[in-house]
file coords.txt (compact mmCIF, C-alpha atoms)
# COMPACT_ATOMS: atom_id res chain seq x y z
CA MET A 211 0.00 0.00 0.00
CA PRO A 212 1.68 3.28 -1.12
CA LYS A 213 2.32 5.60 1.82
CA ILE A 214 2.02 9.33 1.07
CA LEU A 215 2.84 12.31 3.31
CA VAL A 216 1.24 15.72 2.67
CA ILE A 217 3.19 18.65 4.16
CA GLU A 218 1.08 21.81 3.89
CA ASP A 219 0.54 24.62 6.40
CA GLU A 220 -2.80 25.74 4.93
CA ALA A 221 -5.37 23.38 6.43
CA ALA A 222 -7.92 23.92 3.64
CA ILE A 223 -5.45 22.97 0.87
CA ARG A 224 -4.16 20.07 2.92
CA ARG A 225 -7.70 18.71 3.29
CA VAL A 226 -8.35 19.13 -0.45
CA LEU A 227 -5.18 17.22 -1.37
CA VAL A 228 -5.97 14.39 1.04
CA LYS A 229 -9.58 14.22 -0.23
CA ILE A 230 -8.50 14.08 -3.89
CA LEU A 231 -5.95 11.34 -3.25
CA SER A 232 -8.26 9.27 -1.05
CA GLU A 233 -10.97 9.40 -3.72
CA GLU A 234 -8.45 8.48 -6.42
CA SER A 235 -7.39 5.29 -4.68
CA ASP A 236 -8.41 3.63 -1.42
CA SER A 237 -5.02 1.90 -1.45
CA TYR A 238 -3.16 5.13 -0.62
CA GLN A 239 -2.16 5.42 3.02
CA LEU A 240 -2.22 9.17 3.70
CA GLU A 241 -0.56 11.14 6.49
CA GLU A 242 -0.41 14.89 7.13
CA ALA A 243 2.04 17.40 8.57
CA GLU A 244 1.15 21.04 9.20
CA ASP A 245 4.63 22.55 8.84
CA GLY A 246 8.11 21.79 7.52
CA LEU A 247 9.65 20.76 10.84
CA LYS A 248 6.93 18.20 11.57
CA GLY A 249 7.11 17.02 7.97
CA LEU A 250 10.86 16.43 8.11
CA GLU A 251 10.51 14.59 11.41
CA ALA A 252 7.91 12.31 9.81
CA VAL A 253 10.25 11.64 6.85
CA LYS A 254 13.04 10.70 9.26
CA ASN A 255 10.87 8.23 11.14
CA ASN A 256 8.95 6.65 8.24
CA ASP A 257 9.45 5.24 4.76
CA TYR A 258 7.16 7.12 2.39
CA ASP A 259 6.52 6.27 -1.22
CA LEU A 260 5.83 9.95 -1.92
CA VAL A 261 5.91 13.33 -0.18
CA LEU A 262 3.81 16.30 -1.34
CA CYS A 263 5.45 19.39 0.14
CA ASP A 264 4.43 23.05 0.07
CA ILE A 265 7.22 25.55 -0.64
CA LYS A 266 6.15 28.53 1.48
CA MET A 267 5.75 27.41 5.09
CA PRO A 268 6.61 28.77 8.55
CA LYS A 269 9.43 27.35 10.71
CA MET A 270 11.02 25.50 7.77
CA ASP A 271 10.20 26.06 4.10
CA GLY A 272 9.76 23.33 1.51
CA VAL A 273 13.16 23.82 -0.10
CA GLU A 274 14.87 23.23 3.26
CA VAL A 275 12.73 20.15 3.87
CA LEU A 276 13.64 18.78 0.43
CA GLU A 277 17.38 19.38 0.90
CA ALA A 278 17.40 17.76 4.34
CA ALA A 279 15.26 14.82 3.22
CA ARG A 280 17.50 14.12 0.22
CA LYS A 281 20.39 13.52 2.63
CA ILE A 282 18.56 11.00 4.79
CA LYS A 283 16.06 9.41 2.35
CA PRO A 284 17.40 10.13 -1.16
CA GLU A 285 15.12 7.53 -2.77
CA THR A 286 11.89 9.21 -1.55
CA PRO A 287 10.25 11.23 -4.36
CA PHE A 288 9.05 14.78 -3.59
CA ILE A 289 6.34 16.70 -5.42
CA MET A 290 6.57 20.38 -4.55
CA ILE A 291 3.42 22.52 -4.17
CA SER A 292 3.94 26.08 -5.40
CA GLY A 293 1.92 29.27 -5.23
CA HIS A 294 1.81 31.53 -8.28
CA GLY A 295 4.82 33.53 -7.11
CA ASP A 296 6.89 30.43 -6.32
CA LEU A 297 7.25 29.01 -9.83
CA ASP A 298 10.93 29.93 -10.22
CA THR A 299 11.67 28.35 -6.86
CA ALA A 300 9.62 25.29 -7.81
CA VAL A 301 11.63 24.84 -11.00
CA ASN A 302 14.82 25.16 -8.97
CA THR A 303 13.68 22.34 -6.65
CA MET A 304 13.81 20.02 -9.67
CA ARG A 305 17.57 20.66 -9.80
CA LEU A 306 17.72 19.80 -6.11
CA GLY A 307 16.11 16.41 -6.77
CA ALA A 308 12.34 16.99 -6.61
CA PHE A 309 10.34 14.64 -8.85
CA ASP A 310 7.99 17.41 -10.05
CA TYR A 311 5.93 20.38 -8.87
CA ILE A 312 2.27 21.38 -9.08
CA SER A 313 0.74 24.84 -8.79
CA LYS A 314 -2.00 26.03 -6.45
CA PRO A 315 -4.89 25.49 -6.90
CA PRO A 316 -3.97 22.01 -8.11
CA ASP A 317 -5.24 20.81 -11.47
CA LEU A 318 -6.94 17.48 -10.73
CA ASN A 319 -5.66 15.50 -13.73
CA ARG A 320 -2.10 16.81 -13.46
CA LEU A 321 -2.00 16.11 -9.73
CA LEU A 322 -3.21 12.52 -10.05
CA THR A 323 -0.97 11.74 -13.03
CA THR A 324 2.11 13.17 -11.27
CA VAL A 325 1.33 11.25 -8.06
CA ARG A 326 0.90 7.95 -9.95
CA ASN A 327 4.18 8.47 -11.83
CA ALA A 328 6.08 9.33 -8.66
CA VAL A 329 4.74 6.29 -6.78
CA ASP A 330 5.57 4.04 -9.74
CA ARG A 331 9.11 5.43 -9.81
CA LYS A 332 9.61 4.66 -6.11
CA VAL A 333 8.48 1.07 -6.74
CA LEU A 334 11.03 0.77 -9.58
CA VAL A 335 13.82 2.12 -7.37
CA VAL A 336 13.03 -0.45 -4.67
CA GLU A 337 12.83 -3.30 -7.22
CA ASN A 338 16.16 -2.26 -8.75
CA LYS A 339 17.80 -2.34 -5.33
CA LYS A 340 16.42 -5.82 -4.69
CA LEU A 341 17.59 -6.95 -8.12
CA LYS A 342 21.06 -5.55 -7.49
CA LYS A 343 21.26 -7.54 -4.26
CA LYS A 344 20.25 -10.69 -6.14
CA VAL A 345 22.84 -10.01 -8.83
CA SER A 346 25.49 -9.54 -6.14
CA LYS A 347 24.69 -12.98 -4.68
CA ASN A 348 25.43 -14.54 -8.06
CA TYR A 349 29.01 -13.36 -7.63
CA GLU A 350 29.42 -14.30 -3.98
CA MET A 351 32.92 -15.41 -3.02
CA ILE A 352 32.58 -18.59 -0.97
CA GLY A 353 35.31 -19.64 1.45
CA ASN A 354 37.07 -18.90 4.73
CA SER A 355 40.50 -20.31 3.92
CA LYS A 356 43.59 -18.20 4.46
CA GLU A 357 44.08 -17.90 0.70
CA ILE A 358 40.58 -16.59 -0.04
CA THR A 359 40.60 -14.32 3.05
CA ILE A 360 43.73 -12.59 1.73
CA ILE A 361 41.96 -11.90 -1.57
CA LYS A 362 38.84 -10.55 0.17
CA ASP A 363 41.01 -8.22 2.27
CA MET A 364 42.81 -6.99 -0.85
CA ILE A 365 39.51 -6.27 -2.58
CA GLU A 366 38.30 -4.24 0.42
CA LYS A 367 41.40 -2.05 0.14
CA VAL A 368 41.60 -1.81 -3.64
CA ALA A 369 37.93 -1.48 -4.65
CA PRO A 370 37.31 2.10 -3.39
CA THR A 371 40.24 3.36 -5.46
CA ASP A 372 40.49 3.64 -9.25
CA ALA A 373 43.68 1.55 -9.36
CA ARG A 374 43.90 -0.90 -12.24
CA VAL A 375 43.84 -4.56 -11.27
CA LEU A 376 45.37 -7.58 -13.01
CA ILE A 377 43.87 -10.89 -11.89
CA THR A 378 45.84 -14.06 -12.60
CA GLY A 379 45.06 -17.72 -12.05
CA SER A 380 44.19 -20.97 -13.78
CA ASN A 381 40.95 -21.51 -15.67
CA GLY A 382 37.95 -22.04 -13.40
CA THR A 383 39.44 -20.47 -10.27
CA GLY A 384 36.97 -17.56 -10.12
CA LYS A 385 38.82 -14.61 -11.68
CA GLU A 386 35.52 -13.21 -12.96
CA LEU A 387 34.08 -13.25 -9.42
CA VAL A 388 37.01 -11.19 -8.19
CA ALA A 389 36.48 -8.64 -10.97
CA HIS A 390 32.77 -8.33 -10.15
CA TRP A 391 33.50 -7.85 -6.46
CA VAL A 392 36.06 -5.12 -7.14
CA HIS A 393 33.45 -3.31 -9.25
CA GLU A 394 30.52 -3.78 -6.86
CA LYS A 395 32.51 -2.53 -3.87
CA SER A 396 33.81 0.50 -5.82
CA GLN A 397 32.48 4.03 -6.25
CA ARG A 398 31.53 2.98 -9.79
CA SER A 399 29.12 0.22 -8.74
CA ALA A 400 26.05 2.09 -10.05
CA ALA A 401 27.68 2.46 -13.50
CA PRO A 402 28.12 -0.29 -16.13
CA PHE A 403 30.33 -3.35 -15.71
CA ILE A 404 31.27 -4.39 -19.24
CA GLU A 405 32.90 -7.78 -19.85
CA VAL A 406 35.03 -8.59 -22.88
CA ASN A 407 36.41 -12.10 -23.46
CA CYS A 408 39.47 -11.29 -25.56
CA ALA A 409 40.03 -14.96 -26.42
CA ALA A 410 36.53 -15.37 -27.88
CA ILE A 411 36.77 -12.48 -30.36
CA PRO A 412 38.68 -12.94 -33.66
CA SER A 413 41.84 -10.81 -33.79
CA GLU A 414 40.54 -8.86 -36.81
CA LEU A 415 37.42 -7.82 -34.85
CA ILE A 416 38.85 -7.12 -31.39
CA GLU A 417 39.63 -3.45 -32.10
CA SER A 418 36.11 -2.81 -33.38
CA GLU A 419 34.65 -4.61 -30.37
CA LEU A 420 36.69 -2.56 -27.91
CA PHE A 421 36.71 0.86 -29.56
CA GLY A 422 33.80 0.80 -32.01
CA HIS A 423 33.88 1.75 -35.68
CA VAL A 424 32.46 4.26 -38.12
CA LYS A 425 30.33 3.41 -41.13
CA GLY A 426 32.48 2.14 -44.00
CA ALA A 427 35.51 1.33 -41.83
CA PHE A 428 35.37 -2.21 -43.24
CA THR A 429 33.05 -4.27 -45.44
CA SER A 430 30.44 -5.17 -42.82
CA ALA A 431 30.50 -1.74 -41.09
CA VAL A 432 27.11 -0.56 -42.39
CA ARG A 433 26.64 2.03 -39.60
CA ASP A 434 28.53 3.71 -36.78
CA ARG A 435 28.90 1.54 -33.69
CA ALA A 436 30.15 2.35 -30.20
CA GLY A 437 32.66 -0.01 -28.61
CA LYS A 438 32.95 -1.55 -25.16
CA PHE A 439 35.11 1.28 -23.80
CA GLU A 440 32.38 3.80 -24.58
CA ALA A 441 29.73 1.49 -23.12
CA ALA A 442 31.75 1.28 -19.89
CA ASN A 443 32.15 5.05 -19.51
CA LYS A 444 32.04 6.04 -15.81
CA GLY A 445 32.08 2.34 -14.96
CA THR A 446 34.40 -0.66 -15.27
CA ILE A 447 35.60 -2.69 -18.24
CA PHE A 448 36.76 -6.24 -17.55
CA LEU A 449 39.23 -7.52 -20.14
CA ASP A 450 39.19 -11.28 -19.58
CA GLU A 451 41.94 -13.43 -21.12
CA ILE A 452 43.88 -10.30 -22.05
CA GLY A 453 46.91 -12.47 -22.78
CA ASP A 454 45.17 -13.47 -26.03
CA MET A 455 44.77 -9.90 -27.30
CA SER A 456 46.54 -8.94 -30.55
CA LEU A 457 49.54 -6.60 -30.37
CA SER A 458 47.76 -3.91 -32.42
CA ALA A 459 44.80 -3.94 -30.01
CA GLN A 460 47.23 -3.86 -27.09
CA ALA A 461 48.70 -0.63 -28.46
CA LYS A 462 45.27 1.00 -28.56
CA VAL A 463 44.42 -0.19 -25.05
CA LEU A 464 47.72 1.29 -23.85
CA ARG A 465 46.77 4.65 -25.36
CA ALA A 466 43.34 4.49 -23.75
CA LEU A 467 44.99 3.93 -20.37
CA GLN A 468 47.60 6.65 -20.85
CA GLU A 469 45.37 9.38 -22.29
CA SER A 470 41.83 8.36 -21.23
CA LYS A 471 40.71 8.61 -24.83
CA ILE A 472 39.97 6.22 -27.68
CA SER A 473 39.20 6.48 -31.38
CA ARG A 474 36.83 4.29 -33.36
CA VAL A 475 38.14 2.14 -36.18
CA GLY A 476 38.06 4.18 -39.39
CA THR A 477 38.52 7.63 -37.84
CA ASP A 478 41.14 9.61 -35.93
CA LYS A 479 38.53 11.52 -33.92
CA ASP A 480 39.24 11.22 -30.19
CA ILE A 481 36.54 10.25 -27.69
CA LYS A 482 37.17 10.89 -23.98
CA VAL A 483 36.41 7.94 -21.72
CA ASP A 484 36.43 7.56 -17.94
CA VAL A 485 36.84 3.84 -17.40
CA ARG A 486 38.40 1.66 -14.74
CA VAL A 487 40.19 -1.30 -16.31
CA ILE A 488 40.34 -4.72 -14.68
CA ALA A 489 42.13 -7.43 -16.64
CA ALA A 490 42.52 -11.17 -16.15
CA THR A 491 44.60 -13.92 -17.68
CA ASN A 492 45.53 -17.56 -17.18
CA LYS A 493 48.84 -17.01 -18.96
CA ASN A 494 52.24 -16.06 -17.59
CA LEU A 495 52.42 -12.56 -19.02
CA LYS A 496 56.11 -12.12 -18.18
CA LYS A 497 56.86 -15.17 -20.30
CA GLU A 498 54.57 -13.76 -23.04
CA ILE A 499 56.58 -10.52 -22.91
CA GLU A 500 59.86 -12.42 -23.34
CA GLU A 501 58.38 -14.21 -26.36
CA GLY A 502 57.20 -10.93 -27.90
CA ASN A 503 53.50 -11.70 -27.56
CA PHE A 504 52.64 -9.08 -24.97
CA ARG A 505 53.71 -5.45 -24.52
CA GLU A 506 55.76 -4.83 -21.40
CA ASP A 507 54.56 -1.22 -21.11
CA LEU A 508 50.94 -2.39 -21.16
CA TYR A 509 51.69 -5.01 -18.53
CA HIS A 510 53.02 -2.37 -16.15
CA ARG A 511 49.99 -0.15 -16.83
CA LEU A 512 47.60 -3.00 -16.01
CA ALA A 513 49.43 -4.58 -13.09
CA VAL A 514 49.15 -1.73 -10.60
CA ILE A 515 47.49 -4.23 -8.27
CA LEU A 516 48.12 -7.94 -8.80
CA ILE A 517 45.64 -10.48 -7.45
CA GLN A 518 46.61 -14.15 -7.78
CA VAL A 519 43.55 -16.40 -7.44
CA PRO A 520 44.58 -19.76 -5.93
CA ALA A 521 43.75 -23.11 -7.46
CA LEU A 522 41.10 -25.16 -5.66
CA ASN A 523 43.77 -27.70 -4.73
CA ASP A 524 45.46 -24.91 -2.73
CA ARG A 525 42.31 -24.08 -0.74
CA ARG A 526 40.84 -27.50 0.00
CA ASP A 527 39.41 -26.29 3.33
CA ASP A 528 36.84 -24.32 1.33
CA ILE A 529 35.51 -27.39 -0.50
CA PRO A 530 32.79 -28.26 2.11
CA LEU A 531 31.45 -24.69 1.98
CA LEU A 532 31.52 -24.70 -1.82
CA ILE A 533 29.70 -28.04 -1.97
CA GLU A 534 26.97 -26.73 0.35
CA HIS A 535 26.66 -23.51 -1.66
CA PHE A 536 26.44 -25.28 -5.02
CA ALA A 537 24.05 -27.94 -3.67
CA LYS A 538 21.52 -25.30 -2.57
CA LYS A 539 21.87 -23.26 -5.74
CA ILE A 540 21.61 -26.24 -8.10
CA ALA A 541 18.60 -27.69 -6.26
CA SER A 542 16.86 -24.33 -6.60
CA GLU A 543 17.72 -24.08 -10.31
CA GLN A 544 16.57 -27.64 -11.01
CA GLY A 545 13.40 -27.28 -8.94
CA ILE A 546 14.22 -30.28 -6.76
CA ALA A 547 14.50 -30.78 -3.01
CA PRO A 548 17.89 -29.81 -1.54
CA LYS A 549 20.28 -32.66 -0.83
CA THR A 550 22.96 -33.01 1.81
CA PHE A 551 26.34 -34.70 1.45
CA SER A 552 27.60 -37.26 3.96
CA ALA A 553 30.83 -36.57 5.83
CA LYS A 554 32.54 -39.43 3.96
CA ALA A 555 31.37 -38.06 0.59
CA ILE A 556 32.80 -34.64 1.41
CA LYS A 557 36.06 -36.15 2.64
CA LEU A 558 36.44 -38.10 -0.61
CA LEU A 559 35.69 -35.02 -2.71
CA LYS A 560 38.30 -33.04 -0.72
CA SER A 561 40.92 -35.66 -1.63
CA TYR A 562 40.40 -35.37 -5.40
CA ASP A 563 42.76 -33.51 -7.74
CA TRP A 564 40.67 -30.59 -9.01
CA THR A 565 42.50 -29.67 -12.20
CA GLY A 566 39.40 -27.86 -13.46
CA ASN A 567 39.13 -25.94 -10.19
CA ILE A 568 35.82 -24.53 -8.91
CA ARG A 569 34.14 -24.89 -12.30
CA GLU A 570 34.84 -28.64 -12.26
CA LEU A 571 33.66 -28.98 -8.65
CA ARG A 572 30.36 -27.29 -9.51
CA ASN A 573 29.81 -29.69 -12.42
CA VAL A 574 30.48 -32.69 -10.19
CA VAL A 575 28.13 -31.40 -7.47
CA GLU A 576 25.40 -30.90 -10.07
CA ARG A 577 25.89 -34.46 -11.34
CA LEU A 578 25.67 -35.82 -7.80
CA ILE A 579 22.57 -33.76 -6.98
CA ILE A 580 20.81 -35.21 -10.02
CA LEU A 581 22.06 -38.81 -9.86
CA GLY A 582 22.85 -39.37 -6.17
CA GLY A 583 20.64 -40.51 -3.33
CA LYS A 584 18.60 -38.36 -0.95
CA GLU A 585 21.82 -37.87 0.97
CA VAL A 586 24.79 -38.01 -1.37
CA ALA A 587 26.96 -40.83 -0.05
CA GLU A 588 30.57 -41.90 -0.56
CA GLU A 589 29.33 -44.63 -2.93
CA ASP A 590 27.60 -42.00 -5.09
CA VAL A 591 30.85 -40.05 -5.35
CA LYS A 592 32.76 -43.17 -6.38
CA LEU A 593 30.08 -44.08 -8.91
CA PHE A 594 29.30 -40.70 -10.49
CA ALA A 595 32.31 -38.52 -9.72
CA SER A 596 35.18 -40.94 -10.02
CA LYS A 597 38.50 -39.26 -10.70

call {"tool": "encode", "arguments": {"input": "coords.txt", "output": "structure tokens"}}
result
Amino acid sequence: MPKILVIEDEAAIRRVLVKILSEESDSYQLEEAEDGLKGLEAVKNNDYDLVLCDIKMPKMDGVEVLEAARKIKPETPFIMISGHGDLDTAVNTMRLGAFDYISKPPDLNRLLTTVRNAVDRKVLVVENKKLKKKVSKNYEMIGNSKEITIIKDMIEKVAPTDARVLITGSNGTGKELVAHWVHEKSQRSAAPFIEVNCAAIPSELIESELFGHVKGAFTSAVRDRAGKFEAANKGTIFLDEIGDMSLSAQAKVLRALQESKISRVGTDKDIKVDVRVIAATNKNLKKEIEEGNFREDLYHRLAVILIQVPALNDRRDDIPLLIEHFAKKIASEQGIAPKTFSAKAIKLLKSYDWTGNIRELRNVVERLIILGGKEVAEEDVKLFASK
């Protein structure tokens, strides 16, 4: 039920507003405040889906209420109520974060339409926050081992900065999770996180993918197209498997890092970009440098912070937690009842050589959830997950 607060010092107008809104919908929960101070106190102590606030009031005017409320409840939409002489001030409140304003006496249709839009917007904001929390859980880092704790501590220190991060480790160790966590704990978390798998893009297309192109730059370039760097502006770009990037693309990435600008394929026109770069690789880049496959100057630009993600074999103490996590998630995805693993089954799984790391463990857990008994036993592991 949408909860609406009406802050208005003129009792007659306050009654009219409440009457109009109550007749519009019996689902609105309406509260009143007769001045700015009482209104702000109500905002502090309640979660409103909308506040209608007069501008000219004693004790504390509407602009002051709006400014104070934006600091404590920034997601709460405000519709400002303006007299004829307050229109300039009302327009200015939009710059301060007000959703809209209406003039006295209120036009019925405009008032109701504006209220509906504001309430709908609050609902969207709340849903987006819930969705963001769900998305974050998809990238949860599971484990309490010394090795994973060191990485979590590094992320806490590095994320709030704009320092570039190079993540290394074998395939399946969770490099992508580390990149997501750095982004989500950074000041850029509300901006885009753009992923590029450098190994999956043909070398002749990688520059277009990263920097975009203009119409006619090559045969299939039938229109202008922005690249991943532009899409990630103000946010983070994650260059996965950067060790597979061509030398010509490396040169352009180096320029983007040095000058914070890029140019689309087919033009020399510069485009300013504000992007944090996180890169990852399963290759030994120092060896790649010696063999002439990777630029040393780019390596030093990327490797401001180095995070080495350990292999699963080096953090075996985390295997029970990972099994429990995957078992719950897979059961939910498959729409089946959750299953537990016996102590002997877990012990056997801990003893295996996990060359495919966490990715392999997840696949094995999924197989055991589907094929194993109600409680996955040691015999199930031997039968369906034999190494």

call {"tool": "closest_residue", "arguments": {"input": "coords.txt", "among": "A:Val586, A:Val463, A:Val483, A:Leu532", "to": "Phe551 (chain A)", "atoms": "all atoms listed in the file"}}
result
A:Val586

call {"tool": "closest_residue", "arguments": {"input": "coords.txt", "among": "A:Lys213, A:Lys248, A:Lys496, A:Arg486", "to": "Val333 (chain A)", "atoms": "all atoms listed in the file"}}
result
A:Lys213

call {"tool": "closest_residue", "arguments": {"input": "coords.txt", "among": "A:Gly445, A:Gly384, A:Gly379, A:Gly426", "to": "Ala401 (chain A)", "atoms": "only C-alpha atoms"}}
result
A:Gly445

call {"tool": "atom_distance", "arguments": {"input": "coords.txt", "atom1": "CA of Asn503 (chain A)", "atom2": "CA of Leu457 (chain A)"}}
result
7.0 Å

call {"tool": "residues_around", "arguments": {"input": "coords.txt", "residues": "Val475 (chain A)", "least_positions_apart": "2", "cutoff": "8 Å", "atoms": "all atoms listed in the file", "output": "list in words"}}
result
Glu417, Ser418, Phe421, Gly422, His423, Val424, Ala427, Ser473 and Thr477 of chain A

call {"tool": "residues_around", "arguments": {"input": "coords.txt", "residues": "Asp528 (chain A)", "least_positions_apart": "2", "cutoff": "9 Å", "atoms": "all atoms listed in the file", "output": "ChimeraX atom specification"}}
result
/A:352-355,358,522,525-526,530-533

call {"tool": "write_last_selection", "arguments": {"input": "coords.txt", "atoms": "C-alpha atoms", "output": "mmCIF file, keeping the file's coordinate frame"}}
result
data_model
loop_
_atom_site.group_PDB
_atom_site.id
_atom_site.type_symbol
_atom_site.label_atom_id
_atom_site.label_comp_id
_atom_site.auth_asym_id
_atom_site.auth_seq_id
_atom_site.Cartn_x
_atom_site.Cartn_y
_atom_site.Cartn_z
ATOM 1 C CA ILE A 352 32.580 -18.590 -0.970
ATOM 2 C CA GLY A 353 35.310 -19.640 1.450
ATOM 3 C CA ASN A 354 37.070 -18.900 4.730
ATOM 4 C CA SER A 355 40.500 -20.310 3.920
ATOM 5 C CA ILE A 358 40.580 -16.590 -0.040
ATOM 6 C CA LEU A 522 41.100 -25.160 -5.660
ATOM 7 C CA ARG A 525 42.310 -24.080 -0.740
ATOM 8 C CA ARG A 526 40.840 -27.500 0.000
ATOM 9 C CA PRO A 530 32.790 -28.260 2.110
ATOM 10 C CA LEU A 531 31.450 -24.690 1.980
ATOM 11 C CA LEU A 532 31.520 -24.700 -1.820
ATOM 12 C CA ILE A 533 29.700 -28.040 -1.970
#

call {"tool": "residues_around", "arguments": {"input": "coords.txt", "residues": "region 260-263 of chain A", "least_positions_apart": "6", "cutoff": "7 Å", "atoms": "only C-alpha atoms", "output": "list of chain:residue names"}}
result
A:Lys213, A:Ile214, A:Leu215, A:Val216, A:Ile217, A:Glu218, A:Gly272, A:Thr286, A:Pro287, A:Phe288, A:Ile289, A:Met290, A:Ile291, A:Ala328, A:Val329

call {"tool": "write_last_selection", "arguments": {"input": "coords.txt", "atoms": "C-alpha atoms", "output": "compact mmCIF listing (two decimals), keeping the file's coordinate frame"}}
result
# COMPACT_ATOMS: atom_id res chain seq x y z
CA LYS A 213 2.32 5.60 1.82
CA ILE A 214 2.02 9.33 1.07
CA LEU A 215 2.84 12.31 3.31
CA VAL A 216 1.24 15.72 2.67
CA ILE A 217 3.19 18.65 4.16
CA GLU A 218 1.08 21.81 3.89
CA GLY A 272 9.76 23.33 1.51
CA THR A 286 11.89 9.21 -1.55
CA PRO A 287 10.25 11.23 -4.36
CA PHE A 288 9.05 14.78 -3.59
CA ILE A 289 6.34 16.70 -5.42
CA MET A 290 6.57 20.38 -4.55
CA ILE A 291 3.42 22.52 -4.17
CA ALA A 328 6.08 9.33 -8.66
CA VAL A 329 4.74 6.29 -6.78

call {"tool": "atom_distance", "arguments": {"input": "coords.txt", "atom1": "CA of Val519 (chain A)", "atom2": "CA of Asn407 (chain A)"}}
result
18.1 Å

call {"tool": "closest_residue", "arguments": {"input": "coords.txt", "among": "A:Lys554, A:Arg569, A:Lys314, A:Arg225", "to": "Glu589 (chain A)", "atoms": "only C-alpha atoms"}}
result
A:Lys554

call {"tool": "closest_residue", "arguments": {"input": "coords.txt", "among": "A:Lys385, A:Lys395, A:Arg305, A:Lys539", "to": "Asp372 (chain A)", "atoms": "all atoms listed in the file"}}
result
A:Lys395

call {"tool": "residues_near_point", "arguments": {"input": "coords.txt", "point": "(45.0, -10.1, -10.2)", "cutoff": "9 Å", "atoms": "all atoms listed in the file", "output": "PDB file with C-alpha atoms, in the coordinates of the input"}}
result
ATOM      1  CA  VAL A 375      43.840  -4.560 -11.270  1.00  0.00           C
ATOM      2  CA  LEU A 376      45.370  -7.580 -13.010  1.00  0.00           C
ATOM      3  CA  ILE A 377      43.870 -10.890 -11.890  1.00  0.00           C
ATOM      4  CA  THR A 378      45.840 -14.060 -12.600  1.00  0.00           C
ATOM      5  CA  GLY A 379      45.060 -17.720 -12.050  1.00  0.00           C
ATOM      6  CA  LYS A 385      38.820 -14.610 -11.680  1.00  0.00           C
ATOM      7  CA  VAL A 388      37.010 -11.190  -8.190  1.00  0.00           C
ATOM      8  CA  ALA A 389      36.480  -8.640 -10.970  1.00  0.00           C
ATOM      9  CA  ILE A 488      40.340  -4.720 -14.680  1.00  0.00           C
ATOM     10  CA  ALA A 489      42.130  -7.430 -16.640  1.00  0.00           C
ATOM     11  CA  ALA A 490      42.520 -11.170 -16.150  1.00  0.00           C
ATOM     12  CA  THR A 491      44.600 -13.920 -17.680  1.00  0.00           C
ATOM     13  CA  ALA A 513      49.430  -4.580 -13.090  1.00  0.00           C
ATOM     14  CA  ILE A 515      47.490  -4.230  -8.270  1.00  0.00           C
ATOM     15  CA  LEU A 516      48.120  -7.940  -8.800  1.00  0.00           C
ATOM     16  CA  ILE A 517      45.640 -10.480  -7.450  1.00  0.00           C
ATOM     17  CA  GLN A 518      46.610 -14.150  -7.780  1.00  0.00           C
ATOM     18  CA  VAL A 519      43.550 -16.400  -7.440  1.00  0.00           C
TER      19      VAL A 519
END

call {"tool": "closest_residue", "arguments": {"input": "coords.txt", "among": "A:Ala278, A:Ala410, A:Ala436, A:Ile265", "to": "Thr299 (chain A)", "atoms": "all atoms listed in the file"}}
result
A:Ile265

call {"tool": "atom_distance", "arguments": {"input": "coords.txt", "atom1": "CA of Ile411 (chain A)", "atom2": "CA of Trp564 (chain A)"}}
result
28.3 Å

call {"tool": "residues_around", "arguments": {"input": "coords.txt", "residues": "Ile568 (chain A)", "least_positions_apart": "4", "cutoff": "7 Å", "atoms": "only C-alpha atoms", "output": "MDAnalysis selection string"}}
result
chainID A and resid 382:383 522 572

call {"tool": "write_last_selection", "arguments": {"input": "coords.txt", "atoms": "C-alpha atoms", "output": "CSV table (one decimal), in the coordinates of the input"}}
result
chain,number,residue,atom,x,y,z
A,382,GLY,CA,38.0,-22.0,-13.4
A,383,THR,CA,39.4,-20.5,-10.3
A,522,LEU,CA,41.1,-25.2,-5.7
A,572,ARG,CA,30.4,-27.3,-9.5

call {"tool": "residues_around", "arguments": {"input": "coords.txt", "residues": "Ala252 (chain A)", "least_positions_apart": "6", "cutoff": "10 Å", "atoms": "all atoms listed in the file", "output": "JSON, numbers by chain"}}
result
{"A": [215, 217, 241, 242, 243, 246, 258]}
